[in-house]
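Q: Next up, target-v6.pdb (PDB, C-alpha atoms, pLDDT in the B column).
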```pdb
ATOM      1  CA  PHE A   1    -174.617 109.109 129.385  1.00 95.00           C
ATOM      2  CA  MET A   2    -177.408 107.010 127.857  1.00 96.00           C
ATOM      3  CA  ASN A   3    -175.900 103.691 128.934  1.00 97.00           C
ATOM      4  CA  THR A   4    -177.577 103.601 132.317  1.00 97.00           C
ATOM      5  CA  GLU A   5    -176.768  99.929 132.815  1.00 97.00           C
ATOM      6  CA  SER A   6    -173.036 100.623 132.761  1.00 98.00           C
ATOM      7  CA  ILE A   7    -173.565 103.610 135.069  1.00 98.00           C
ATOM      8  CA  GLU A   8    -175.319 101.378 137.610  1.00 98.00           C
ATOM      9  CA  THR A   9    -172.573  98.772 137.313  1.00 98.00           C
ATOM     10  CA  ALA A  10    -169.802 101.335 137.811  1.00 98.00           C
ATOM     11  CA  GLY A  11    -171.470 102.782 140.915  1.00 97.00           C
ATOM     12  CA  MET A  12    -169.200 105.293 142.652  1.00 98.00           C
ATOM     13  CA  MET A  13    -166.008 104.088 140.961  1.00 97.00           C
ATOM     14  CA  PRO A  14    -165.832 106.981 138.447  1.00 96.00           C
ATOM     15  CA  LEU A  15    -165.551 109.411 141.372  1.00 97.00           C
ATOM     16  CA  LYS A  16    -162.948 107.413 143.273  1.00 97.00           C
ATOM     17  CA  PRO A  17    -159.872 109.349 142.033  1.00 97.00           C
ATOM     18  CA  ASP A  18    -161.373 112.692 143.087  1.00 98.00           C
ATOM     19  CA  LEU A  19    -162.798 111.319 146.329  1.00 98.00           C
ATOM     20  CA  ASP A  20    -159.347 109.944 147.119  1.00 98.00           C
ATOM     21  CA  LEU A  21    -157.800 113.367 146.468  1.00 97.00           C
ATOM     22  CA  ILE A  22    -160.225 114.966 148.902  1.00 98.00           C
ATOM     23  CA  ALA A  23    -159.643 112.255 151.504  1.00 98.00           C
ATOM     24  CA  ALA A  24    -155.873 112.776 151.226  1.00 98.00           C
ATOM     25  CA  ALA A  25    -156.048 116.496 152.084  1.00 98.00           C
ATOM     26  CA  ARG A  26    -154.251 117.308 155.338  1.00 98.00           C
ATOM     27  CA  THR A  27    -153.856 121.098 155.414  1.00 98.00           C
ATOM     28  CA  HIS A  28    -155.760 124.224 154.490  1.00 98.00           C
ATOM     29  CA  GLU A  29    -153.296 124.665 151.629  1.00 98.00           C
ATOM     30  CA  ASP A  30    -154.402 121.264 150.333  1.00 98.00           C
ATOM     31  CA  ILE A  31    -158.049 122.356 150.510  1.00 98.00           C
ATOM     32  CA  ALA A  32    -157.318 125.624 148.694  1.00 98.00           C
ATOM     33  CA  ALA A  33    -155.555 123.652 145.959  1.00 98.00           C
ATOM     34  CA  LEU A  34    -158.663 121.494 145.580  1.00 98.00           C
ATOM     35  CA  PHE A  35    -160.767 124.658 145.286  1.00 98.00           C
ATOM     36  CA  GLY A  36    -158.529 125.728 142.414  1.00 97.00           C
ATOM     37  CA  LYS A  37    -158.442 122.385 140.595  1.00 97.00           C
ATOM     38  CA  PRO A  38    -160.132 123.158 137.250  1.00 94.00           C
ATOM     39  CA  ASP A  39    -161.636 119.687 136.747  1.00 94.00           C
ATOM     40  CA  LEU A  40    -163.053 119.290 140.265  1.00 96.00           C
ATOM     41  CA  PRO A  41    -166.694 120.483 140.048  1.00 93.00           C
ATOM     42  CA  THR A  42    -167.053 121.870 143.553  1.00 96.00           C
ATOM     43  CA  PRO A  43    -167.827 125.340 144.937  1.00 95.00           C
ATOM     44  CA  SER A  44    -165.634 127.341 147.301  1.00 97.00           C
ATOM     45  CA  PRO A  45    -166.202 130.340 149.603  1.00 98.00           C
ATOM     46  CA  ILE A  46    -163.608 132.263 147.596  1.00 98.00           C
ATOM     47  CA  GLY A  47    -163.503 131.400 143.925  1.00 97.00           C
ATOM     48  CA  TRP A  48    -162.095 132.663 140.647  1.00 97.00           C
ATOM     49  CA  GLY A  49    -162.432 132.349 136.915  1.00 95.00           C
ATOM     50  CA  VAL A  50    -161.454 133.996 133.651  1.00 96.00           C
ATOM     51  CA  GLY A  51    -163.632 136.508 131.803  1.00 94.00           C
ATOM     52  CA  LEU A  52    -163.543 139.783 129.937  1.00 95.00           C
ATOM     53  CA  ASP A  53    -162.141 142.709 131.890  1.00 96.00           C
ATOM     54  CA  ASP A  54    -165.072 145.120 132.301  1.00 94.00           C
ATOM     55  CA  GLY A  55    -162.630 147.991 132.680  1.00 94.00           C
ATOM     56  CA  ASN A  56    -160.593 147.015 129.623  1.00 94.00           C
ATOM     57  CA  PRO A  57    -162.606 144.798 127.249  1.00 91.00           C
ATOM     58  CA  ASP A  58    -159.572 144.224 125.020  1.00 95.00           C
ATOM     59  CA  ARG A  59    -158.284 141.638 127.461  1.00 96.00           C
ATOM     60  CA  TYR A  60    -159.302 138.737 129.639  1.00 97.00           C
ATOM     61  CA  ILE A  61    -158.646 138.778 133.385  1.00 98.00           C
ATOM     62  CA  VAL A  62    -159.026 136.579 136.454  1.00 98.00           C
ATOM     63  CA  THR A  63    -162.008 137.669 138.527  1.00 98.00           C
ATOM     64  CA  ILE A  64    -162.211 136.665 142.198  1.00 98.00           C
ATOM     65  CA  GLY A  65    -165.474 136.581 144.109  1.00 97.00           C
ATOM     66  CA  HIS A  66    -167.353 134.885 146.879  1.00 98.00           C
ATOM     67  CA  GLY A  67    -169.304 131.666 146.491  1.00 97.00           C
ATOM     68  CA  GLY A  68    -169.551 128.361 148.277  1.00 98.00           C
ATOM     69  CA  LEU A  69    -173.318 128.054 148.780  1.00 98.00           C
ATOM     70  CA  GLY A  70    -175.367 125.015 147.853  1.00 98.00           C
ATOM     71  CA  LEU A  71    -178.642 126.939 147.933  1.00 98.00           C
ATOM     72  CA  PRO A  72    -179.050 129.751 145.373  1.00 96.00           C
ATOM     73  CA  GLU A  73    -177.981 132.733 147.508  1.00 96.00           C
ATOM     74  CA  ARG A  74    -177.652 134.166 151.026  1.00 97.00           C
ATOM     75  CA  ASP A  75    -181.367 134.870 151.631  1.00 96.00           C
ATOM     76  CA  PHE A  76    -182.129 131.148 151.545  1.00 97.00           C
ATOM     77  CA  TYR A  77    -179.989 130.717 154.659  1.00 98.00           C
ATOM     78  CA  LEU A  78    -180.846 133.906 156.521  1.00 97.00           C
ATOM     79  CA  LYS A  79    -184.360 135.162 155.768  1.00 96.00           C
ATOM     80  CA  ASP A  80    -187.032 134.303 158.324  1.00 95.00           C
ATOM     81  CA  GLU A  81    -189.858 133.496 155.927  1.00 95.00           C
ATOM     82  CA  PRO A  82    -191.802 130.205 155.818  1.00 96.00           C
ATOM     83  CA  ARG A  83    -190.530 129.104 152.391  1.00 95.00           C
ATOM     84  CA  PHE A  84    -186.915 129.737 153.376  1.00 97.00           C
ATOM     85  CA  ARG A  85    -187.326 128.020 156.751  1.00 97.00           C
ATOM     86  CA  ASP A  86    -188.889 125.026 154.993  1.00 97.00           C
ATOM     87  CA  LEU A  87    -185.975 124.763 152.560  1.00 97.00           C
ATOM     88  CA  ARG A  88    -183.464 125.081 155.401  1.00 97.00           C
ATOM     89  CA  GLU A  89    -185.068 122.070 157.056  1.00 97.00           C
ATOM     90  CA  LYS A  90    -185.135 119.991 153.869  1.00 98.00           C
ATOM     91  CA  TYR A  91    -181.670 120.844 152.521  1.00 98.00           C
ATOM     92  CA  PRO A  92    -179.617 118.971 155.190  1.00 98.00           C
ATOM     93  CA  VAL A  93    -181.995 116.018 154.864  1.00 98.00           C
ATOM     94  CA  HIS A  94    -181.169 115.953 151.158  1.00 98.00           C
ATOM     95  CA  ILE A  95    -177.433 116.225 151.878  1.00 98.00           C
ATOM     96  CA  ALA A  96    -177.633 113.270 154.277  1.00 98.00           C
ATOM     97  CA  LYS A  97    -179.510 111.182 151.700  1.00 98.00           C
ATOM     98  CA  MET A  98    -176.912 111.926 149.026  1.00 98.00           C
ATOM     99  CA  LEU A  99    -174.034 111.031 151.333  1.00 98.00           C
ATOM    100  CA  THR A 100    -175.760 107.818 152.424  1.00 98.00           C
ATOM    101  CA  LEU A 101    -176.496 106.752 148.843  1.00 98.00           C
ATOM    102  CA  ALA A 102    -172.841 107.395 148.010  1.00 98.00           C
ATOM    103  CA  GLY A 103    -171.695 105.108 150.822  1.00 97.00           C
ATOM    104  CA  GLN A 104    -170.469 107.802 153.194  1.00 97.00           C
ATOM    105  CA  SER A 105    -170.659 107.207 156.950  1.00 96.00           C
ATOM    106  CA  ASP A 106    -172.215 109.485 159.614  1.00 97.00           C
ATOM    107  CA  ALA A 107    -174.282 111.204 156.944  1.00 98.00           C
ATOM    108  CA  ALA A 108    -176.671 113.062 159.272  1.00 98.00           C
ATOM    109  CA  ALA A 109    -173.896 114.608 161.338  1.00 98.00           C
ATOM    110  CA  LYS A 110    -171.962 115.572 158.225  1.00 98.00           C
ATOM    111  CA  ALA A 111    -175.067 117.162 156.715  1.00 98.00           C
ATOM    112  CA  THR A 112    -175.537 119.249 159.858  1.00 98.00           C
ATOM    113  CA  ASN A 113    -171.928 120.441 159.656  1.00 98.00           C
ATOM    114  CA  ILE A 114    -172.237 121.334 155.972  1.00 98.00           C
ATOM    115  CA  MET A 115    -175.421 123.312 156.594  1.00 98.00           C
ATOM    116  CA  ALA A 116    -173.798 125.154 159.494  1.00 98.00           C
ATOM    117  CA  LEU A 117    -170.729 125.988 157.404  1.00 98.00           C
ATOM    118  CA  GLU A 118    -172.734 127.245 154.442  1.00 98.00           C
ATOM    119  CA  THR A 119    -174.832 129.386 156.781  1.00 98.00           C
ATOM    120  CA  GLU A 120    -171.674 131.048 158.102  1.00 98.00           C
ATOM    121  CA  ILE A 121    -170.494 131.616 154.535  1.00 98.00           C
ATOM    122  CA  ALA A 122    -173.865 133.155 153.636  1.00 98.00           C
ATOM    123  CA  LYS A 123    -173.600 135.617 156.524  1.00 98.00           C
ATOM    124  CA  LEU A 124    -170.440 137.033 154.913  1.00 98.00           C
ATOM    125  CA  HIS A 125    -171.860 137.366 151.401  1.00 98.00           C
ATOM    126  CA  TRP A 126    -172.798 140.758 150.037  1.00 97.00           C
ATOM    127  CA  ILE A 127    -176.480 141.546 149.657  1.00 96.00           C
ATOM    128  CA  ASN A 128    -177.809 141.198 146.119  1.00 93.00           C
ATOM    129  CA  THR A 129    -178.222 144.923 145.465  1.00 94.00           C
ATOM    130  CA  ASP A 130    -174.501 145.453 146.106  1.00 95.00           C
ATOM    131  CA  ARG A 131    -173.585 142.469 143.938  1.00 95.00           C
ATOM    132  CA  ARG A 132    -175.498 144.012 141.040  1.00 94.00           C
ATOM    133  CA  ASN A 133    -173.615 147.303 141.361  1.00 95.00           C
ATOM    134  CA  SER A 134    -171.047 147.261 138.553  1.00 94.00           C
ATOM    135  CA  THR A 135    -168.965 149.966 140.202  1.00 95.00           C
ATOM    136  CA  LYS A 136    -168.774 148.278 143.618  1.00 96.00           C
ATOM    137  CA  THR A 137    -167.885 144.932 142.079  1.00 97.00           C
ATOM    138  CA  TYR A 138    -165.073 146.210 139.866  1.00 97.00           C
ATOM    139  CA  ASN A 139    -162.018 146.376 142.103  1.00 97.00           C
ATOM    140  CA  LEU A 140    -158.826 146.093 140.061  1.00 98.00           C
ATOM    141  CA  LYS A 141    -155.944 144.722 142.110  1.00 97.00           C
ATOM    142  CA  LYS A 142    -152.448 143.434 141.626  1.00 97.00           C
ATOM    143  CA  ARG A 143    -151.970 139.717 142.223  1.00 96.00           C
ATOM    144  CA  THR A 144    -149.544 140.675 144.987  1.00 95.00           C
ATOM    145  CA  ASP A 145    -152.287 142.677 146.764  1.00 97.00           C
ATOM    146  CA  LEU A 146    -154.248 139.557 147.631  1.00 97.00           C
ATOM    147  CA  ALA A 147    -152.032 138.600 150.553  1.00 96.00           C
ATOM    148  CA  THR A 148    -152.828 141.952 152.160  1.00 97.00           C
ATOM    149  CA  LEU A 149    -156.505 141.916 151.193  1.00 98.00           C
ATOM    150  CA  ALA A 150    -157.144 138.492 152.768  1.00 98.00           C
ATOM    151  CA  PRO A 151    -154.025 137.216 154.550  1.00 97.00           C
ATOM    152  CA  ASP A 152    -155.699 134.113 155.995  1.00 98.00           C
ATOM    153  CA  PHE A 153    -156.250 132.511 152.584  1.00 98.00           C
ATOM    154  CA  PRO A 154    -153.444 130.461 150.952  1.00 98.00           C
ATOM    155  CA  TRP A 155    -153.576 132.244 147.609  1.00 98.00           C
ATOM    156  CA  ALA A 156    -150.463 130.582 146.189  1.00 97.00           C
ATOM    157  CA  ALA A 157    -151.917 127.115 146.717  1.00 98.00           C
ATOM    158  CA  GLY A 158    -155.353 127.990 145.339  1.00 97.00           C
ATOM    159  CA  LEU A 159    -154.376 130.128 142.368  1.00 97.00           C
ATOM    160  CA  GLY A 160    -151.411 127.887 141.651  1.00 97.00           C
ATOM    161  CA  ALA A 161    -153.720 124.896 141.197  1.00 97.00           C
ATOM    162  CA  SER A 162    -155.515 126.904 138.500  1.00 97.00           C
ATOM    163  CA  GLY A 163    -152.278 128.001 136.845  1.00 95.00           C
ATOM    164  CA  PHE A 164    -152.773 131.634 137.893  1.00 95.00           C
ATOM    165  CA  ASN A 165    -149.802 132.350 140.174  1.00 91.00           C
ATOM    166  CA  ASN A 166    -147.907 134.305 137.501  1.00 92.00           C
ATOM    167  CA  ILE A 167    -150.725 136.665 136.524  1.00 95.00           C
ATOM    168  CA  THR A 168    -150.261 140.383 137.207  1.00 96.00           C
ATOM    169  CA  ASP A 169    -153.775 141.810 137.589  1.00 97.00           C
ATOM    170  CA  VAL A 170    -157.035 140.534 139.061  1.00 98.00           C
ATOM    171  CA  VAL A 171    -160.502 141.940 139.630  1.00 98.00           C
ATOM    172  CA  VAL A 172    -161.985 141.295 143.072  1.00 98.00           C
ATOM    173  CA  SER A 173    -165.763 141.509 142.960  1.00 97.00           C
ATOM    174  CA  GLU A 174    -166.871 141.526 146.614  1.00 98.00           C
ATOM    175  CA  ASP A 175    -163.642 142.932 148.013  1.00 97.00           C
ATOM    176  CA  THR A 176    -164.736 143.572 151.609  1.00 98.00           C
ATOM    177  CA  ALA A 177    -165.977 139.981 151.953  1.00 98.00           C
ATOM    178  CA  MET A 178    -162.599 138.446 151.181  1.00 98.00           C
ATOM    179  CA  ALA A 179    -160.895 138.951 154.558  1.00 98.00           C
ATOM    180  CA  PRO A 180    -163.756 137.581 156.713  1.00 98.00           C
ATOM    181  CA  LEU A 181    -164.279 134.653 154.339  1.00 98.00           C
ATOM    182  CA  ALA A 182    -160.557 133.901 154.452  1.00 98.00           C
ATOM    183  CA  THR A 183    -160.664 133.917 158.252  1.00 98.00           C
ATOM    184  CA  LEU A 184    -163.672 131.594 158.238  1.00 98.00           C
ATOM    185  CA  PHE A 185    -161.796 129.327 155.833  1.00 98.00           C
ATOM    186  CA  LYS A 186    -158.763 129.214 158.128  1.00 98.00           C
ATOM    187  CA  ASN A 187    -160.819 128.625 161.289  1.00 98.00           C
ATOM    188  CA  THR A 188    -162.908 125.810 159.812  1.00 98.00           C
ATOM    189  CA  PRO A 189    -161.311 122.390 160.381  1.00 98.00           C
ATOM    190  CA  VAL A 190    -159.850 120.614 157.372  1.00 98.00           C
ATOM    191  CA  ASP A 191    -162.123 117.619 157.994  1.00 98.00           C
ATOM    192  CA  THR A 192    -165.189 119.842 157.697  1.00 98.00           C
ATOM    193  CA  TRP A 193    -163.967 121.151 154.346  1.00 98.00           C
ATOM    194  CA  LYS A 194    -163.336 117.574 153.203  1.00 98.00           C
ATOM    195  CA  THR A 195    -166.921 116.644 154.035  1.00 98.00           C
ATOM    196  CA  TYR A 196    -168.169 119.764 152.256  1.00 98.00           C
ATOM    197  CA  LEU A 197    -166.148 119.005 149.122  1.00 98.00           C
ATOM    198  CA  THR A 198    -167.205 115.353 149.142  1.00 98.00           C
ATOM    199  CA  TYR A 199    -170.909 116.195 149.189  1.00 98.00           C
ATOM    200  CA  HIS A 200    -170.636 118.858 146.500  1.00 98.00           C
ATOM    201  CA  LEU A 201    -168.572 116.595 144.246  1.00 98.00           C
ATOM    202  CA  ILE A 202    -171.215 113.884 144.532  1.00 98.00           C
ATOM    203  CA  GLY A 203    -174.026 116.363 143.896  1.00 98.00           C
ATOM    204  CA  ALA A 204    -172.364 117.933 140.872  1.00 97.00           C
ATOM    205  CA  SER A 205    -171.740 114.474 139.405  1.00 97.00           C
ATOM    206  CA  ALA A 206    -175.169 113.000 140.176  1.00 97.00           C
ATOM    207  CA  SER A 207    -176.385 112.866 136.573  1.00 96.00           C
ATOM    208  CA  THR A 208    -173.647 110.380 135.683  1.00 96.00           C
ATOM    209  CA  LEU A 209    -173.921 108.340 138.889  1.00 98.00           C
ATOM    210  CA  PRO A 210    -176.465 105.608 139.724  1.00 98.00           C
ATOM    211  CA  LYS A 211    -180.135 106.513 139.313  1.00 97.00           C
ATOM    212  CA  ALA A 212    -180.848 106.754 143.045  1.00 98.00           C
ATOM    213  CA  LEU A 213    -178.402 109.659 143.352  1.00 98.00           C
ATOM    214  CA  ASP A 214    -179.656 111.355 140.199  1.00 98.00           C
ATOM    215  CA  ASP A 215    -183.255 111.021 141.397  1.00 98.00           C
ATOM    216  CA  GLU A 216    -182.495 112.396 144.850  1.00 98.00           C
ATOM    217  CA  ARG A 217    -180.648 115.361 143.377  1.00 98.00           C
ATOM    218  CA  PHE A 218    -183.653 116.144 141.184  1.00 98.00           C
ATOM    219  CA  ALA A 219    -186.127 115.582 144.017  1.00 97.00           C
ATOM    220  CA  PHE A 220    -184.574 118.428 145.995  1.00 98.00           C
ATOM    221  CA  PHE A 221    -183.194 120.875 143.424  1.00 98.00           C
ATOM    222  CA  GLY A 222    -185.783 120.175 140.734  1.00 97.00           C
ATOM    223  CA  LYS A 223    -189.006 119.561 142.616  1.00 97.00           C
ATOM    224  CA  THR A 224    -188.576 121.089 146.070  1.00 97.00           C
ATOM    225  CA  LEU A 225    -186.477 124.106 145.162  1.00 96.00           C
ATOM    226  CA  ASN A 226    -187.693 124.958 141.668  1.00 94.00           C
ATOM    227  CA  GLY A 227    -191.123 123.360 141.457  1.00 94.00           C
ATOM    228  CA  GLN A 228    -190.185 121.219 138.453  1.00 94.00           C
ATOM    229  CA  LEU A 229    -192.633 118.313 138.390  1.00 93.00           C
ATOM    230  CA  GLN A 230    -190.713 115.942 136.139  1.00 94.00           C
ATOM    231  CA  GLN A 231    -187.104 115.324 135.210  1.00 95.00           C
ATOM    232  CA  ARG A 232    -186.286 116.084 131.558  1.00 94.00           C
ATOM    233  CA  GLU A 233    -185.894 113.100 129.265  1.00 96.00           C
ATOM    234  CA  ARG A 234    -182.406 111.702 129.588  1.00 97.00           C
ATOM    235  CA  TRP A 235    -181.500 112.077 125.913  1.00 97.00           C
ATOM    236  CA  LYS A 236    -182.365 115.780 126.119  1.00 97.00           C
ATOM    237  CA  ARG A 237    -180.162 116.182 129.188  1.00 96.00           C
ATOM    238  CA  GLY A 238    -177.340 114.402 127.357  1.00 96.00           C
ATOM    239  CA  THR A 239    -177.704 116.658 124.335  1.00 97.00           C
ATOM    240  CA  GLN A 240    -177.667 119.726 126.581  1.00 95.00           C
ATOM    241  CA  ALA A 241    -174.497 118.487 128.309  1.00 92.00           C
ATOM    242  CA  ILE A 242    -172.706 117.972 124.976  1.00 95.00           C
ATOM    243  CA  ASN A 243    -173.836 121.361 123.645  1.00 96.00           C
ATOM    244  CA  GLY A 244    -172.616 123.003 126.846  1.00 93.00           C
ATOM    245  CA  ALA A 245    -169.221 121.319 126.584  1.00 89.00           C
ATOM    246  CA  LEU A 246    -168.847 122.353 122.959  1.00 94.00           C
TER
END
```
Mind turning the file's structure into structure tokens?

A:
Amino acid sequence: FMNTESIETAGMMPLKPDLDLIAAARTHEDIAALFGKPDLPTPSPIGWGVGLDDGNPDRYIVTIGHGGLGLPERDFYLKDEPRFRDLREKYPVHIAKMLTLAGQSDAAAKATNIMALETEIAKLHWINTDRRNSTKTYNLKKRTDLATLAPDFPWAAGLGASGFNNITDVVVSEDTAMAPLATLFKNTPVDTWKTYLTYHLIGASASTLPKALDDERFAFFGKTLNGQLQQRERWKRGTQAINGAL
């Protein structure tokens, strides 16, 4: 992490295996499998992870919920206030810069498509007050119920990539959002999802990519979004990364 010279020399090569996986996707099942790949640091409109079961704290359980946004939450895409409108103008510009720096073609058009897709995802997210309601967000289901809950999503491909196809129980947090998000997933072209995954992979990996990408990521998410005037010293960021992994 501290050897910035080797990072500059390597360029985008460390991401090539994952970028190749994304480029090779041909079906929505392939995309769902990428969503479920544990070592691919990308978001998804429907996601899952393991945590304590709030209804039975003696066990762990897979919890399924909505996600998929690059900006912090739905209001950033939907509220008609000056600060949100300003961020909505600057976010696709940032996406295009990241894609260009990473050597991707047609960056502006791809950024427009990503912004449009994330806006549609945001429209289907629950409002924050409902997401904070522990009763509404605890919906215990059988794994076999998911096909009925959201039939347009390829659950076997997605959960299978995470090793979760043989589980019995799941908790679905935002249950009523699952079916419309699944339909949006199915109706969105595979190529759009590939562009979406490519950008988010690059963004999530920016700290270990060449400085221009790391700086652009900070310029938007650090300065513009959060008002952070200066990037933390690199050794402190490296220490934080190691502590987090441990």

Q: If you measure from atom CA of A:Lys110 to atom CA of A:Gly67, what distance in Å do you get, rounded to one decimal?

A: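 Here the two named atoms are 20.1 Å from each other.
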
Q: On this structure, the PyMOL selection byres ((chain A and resi 182) around 8) would catch which residues? List them as a PDB file with C-alpha atoms, keeping the file's coordinate frame, sorted by chain and number.

A:
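Dumped everything to selection-v7.pdb:
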```pdb
ATOM      1  CA  ILE A  46    -163.608 132.263 147.596  1.00 98.00           C
ATOM      2  CA  ALA A 150    -157.144 138.492 152.768  1.00 98.00           C
ATOM      3  CA  PRO A 151    -154.025 137.216 154.550  1.00 97.00           C
ATOM      4  CA  ASP A 152    -155.699 134.113 155.995  1.00 98.00           C
ATOM      5  CA  PHE A 153    -156.250 132.511 152.584  1.00 98.00           C
ATOM      6  CA  MET A 178    -162.599 138.446 151.181  1.00 98.00           C
ATOM      7  CA  ALA A 179    -160.895 138.951 154.558  1.00 98.00           C
ATOM      8  CA  PRO A 180    -163.756 137.581 156.713  1.00 98.00           C
ATOM      9  CA  LEU A 181    -164.279 134.653 154.339  1.00 98.00           C
ATOM     10  CA  THR A 183    -160.664 133.917 158.252  1.00 98.00           C
ATOM     11  CA  LEU A 184    -163.672 131.594 158.238  1.00 98.00           C
ATOM     12  CA  PHE A 185    -161.796 129.327 155.833  1.00 98.00           C
ATOM     13  CA  LYS A 186    -158.763 129.214 158.128  1.00 98.00           C
TER      14      LYS A 186
END
```

Q: Kindly indicate which residue among A:Met115, A:Ile7, A:Leu149, A:Leu201 lies nearest to A:His94, using only C-alpha atoms for the distances.

A: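 Checking each candidate against A:His94, we get A:Met115 as the closest.
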
Q: Give, as AutoDock Vina command-line options, the centre coordinates and the x, y and z edge lengths in Å to one decimal for an axis-aligned box around all listed atoms of stretch 144-155 of chain A, padded by 5 Å on each side.

A:
```
--center_x -153.3 --center_y 136.6 --center_z 150.5 --size_x 17.6 --size_y 22.2 --size_z 21.0
```

Q: Figure out the distance between atom CA of A:Arg234 and atom CA of A:Leu87, please, to one decimal in Å.

A: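 Separating atom CA of A:Leu87 from atom CA of A:Arg234 is a distance of 26.7 Å.
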
Q: Find the residues near A:Lys79: any atom within 12 Å, counting only C-alpha atoms, skip ones fewer than 4 places away on the same chain, and give them as a PyMOL selection string.

A: chain A and resi 73-75+83-88+119+122-123+127

Q: Enumerate, as a ChimeraX atom specification, the protein, DNA and RNA residues whose atoms approach (-161.2, 141.5, 144.4) to within 6 Å, taking into account all atoms listed in the file and the coordinate frame of the file.

A: /A:64,139,171-173,175

Q: In Å, how far is it from atom CA of A:Gln231 to atom CA of A:Gly70?

A: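 That distance, rounded to one decimal, is 19.8 Å.
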
Q: List the neighbours of A:Asp214 out to 10 Å using only C-alpha atoms; skip same-chain residues closer than 5 positions along the sequence, and give me the result as a short mmCIF file (atom, residue, chain, number, x, y, z; two decimals) with C-alpha atoms, keeping the file's coordinate frame.

A:
```
data_model
loop_
_atom_site.label_atom_id
_atom_site.label_comp_id
_atom_site.auth_asym_id
_atom_site.auth_seq_id
_atom_site.Cartn_x
_atom_site.Cartn_y
_atom_site.Cartn_z
CA MET A 98 -176.91 111.93 149.03
CA ILE A 202 -171.22 113.88 144.53
CA GLY A 203 -174.03 116.36 143.90
CA ALA A 204 -172.36 117.93 140.87
CA SER A 205 -171.74 114.47 139.40
CA ALA A 206 -175.17 113.00 140.18
CA SER A 207 -176.38 112.87 136.57
CA THR A 208 -173.65 110.38 135.68
CA LEU A 209 -173.92 108.34 138.89
CA ALA A 219 -186.13 115.58 144.02
CA GLN A 231 -187.10 115.32 135.21
#
```

Q: Counting all atoms listed in the file, which residue out of A:Lys90, A:Asp106, A:Thr9, A:Leu117 sits closest to A:Lys223?

A: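 Closest to A:Lys223, using all atoms listed in the file: A:Lys90.
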
Q: List the neighbours of A:Ala241 out to 12 Å using all atoms listed in the file; skip same-chain residues closer than 3 positions along the sequence, and give me the result as a ChimeraX atom specification.

A: /A:1-2,207-208,234-238,244-246

Q: Please, could you write that set of residues out with C-alpha atoms as an mmCIF file, in the coordinates of the input?

A:
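Result went into selection31.cif, see below:
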```
data_model
loop_
_atom_site.group_PDB
_atom_site.id
_atom_site.type_symbol
_atom_site.label_atom_id
_atom_site.label_comp_id
_atom_site.auth_asym_id
_atom_site.auth_seq_id
_atom_site.Cartn_x
_atom_site.Cartn_y
_atom_site.Cartn_z
ATOM 1 C CA PHE A 1 -174.617 109.109 129.385
ATOM 2 C CA MET A 2 -177.408 107.010 127.857
ATOM 3 C CA SER A 207 -176.385 112.866 136.573
ATOM 4 C CA THR A 208 -173.647 110.380 135.683
ATOM 5 C CA ARG A 234 -182.406 111.702 129.588
ATOM 6 C CA TRP A 235 -181.500 112.077 125.913
ATOM 7 C CA LYS A 236 -182.365 115.780 126.119
ATOM 8 C CA ARG A 237 -180.162 116.182 129.188
ATOM 9 C CA GLY A 238 -177.340 114.402 127.357
ATOM 10 C CA GLY A 244 -172.616 123.003 126.846
ATOM 11 C CA ALA A 245 -169.221 121.319 126.584
ATOM 12 C CA LEU A 246 -168.847 122.353 122.959
#
```

Q: Given all atoms listed in the file as the basis, pick out the residue of A:Asp191, A:Asp130, A:Asp145, A:Glu5 nearest to A:Asp169.

A: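 Going through A:Asp191, A:Asp130, A:Asp145, A:Glu5 one by one, the smallest distance to A:Asp169 is for A:Asp145.
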
Q: Set the distance at 7 Å and use all atoms listed in the file: which residues neighbour stretch 27-38 of chain A once local chain neighbours fewer than 6 positions away are removed? I'd like the list as a list in words.

A: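 With the cut-off at 7 Å, the set is Ser44, Pro154, Ala157, Gly158, Leu159, Ala161, Ser162, Lys186 and Val190 of chain A.
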
Q: Excluding A:Asp54 and residues on its chain fewer than 5 positions from it, collect all residues at most 12 Å away from it, counting all atoms listed in the file, and give them as number ranges by chain.

A: A: 59-63, 134-135, 137-140, 170-173

Q: Rank A:Leu78, A:Ile242, A:Met13, A:Ala177 by their smallest atom-to-atom distance to A:Arg131, using only C-alpha atoms, and report the top residue only.

A: A:Ala177
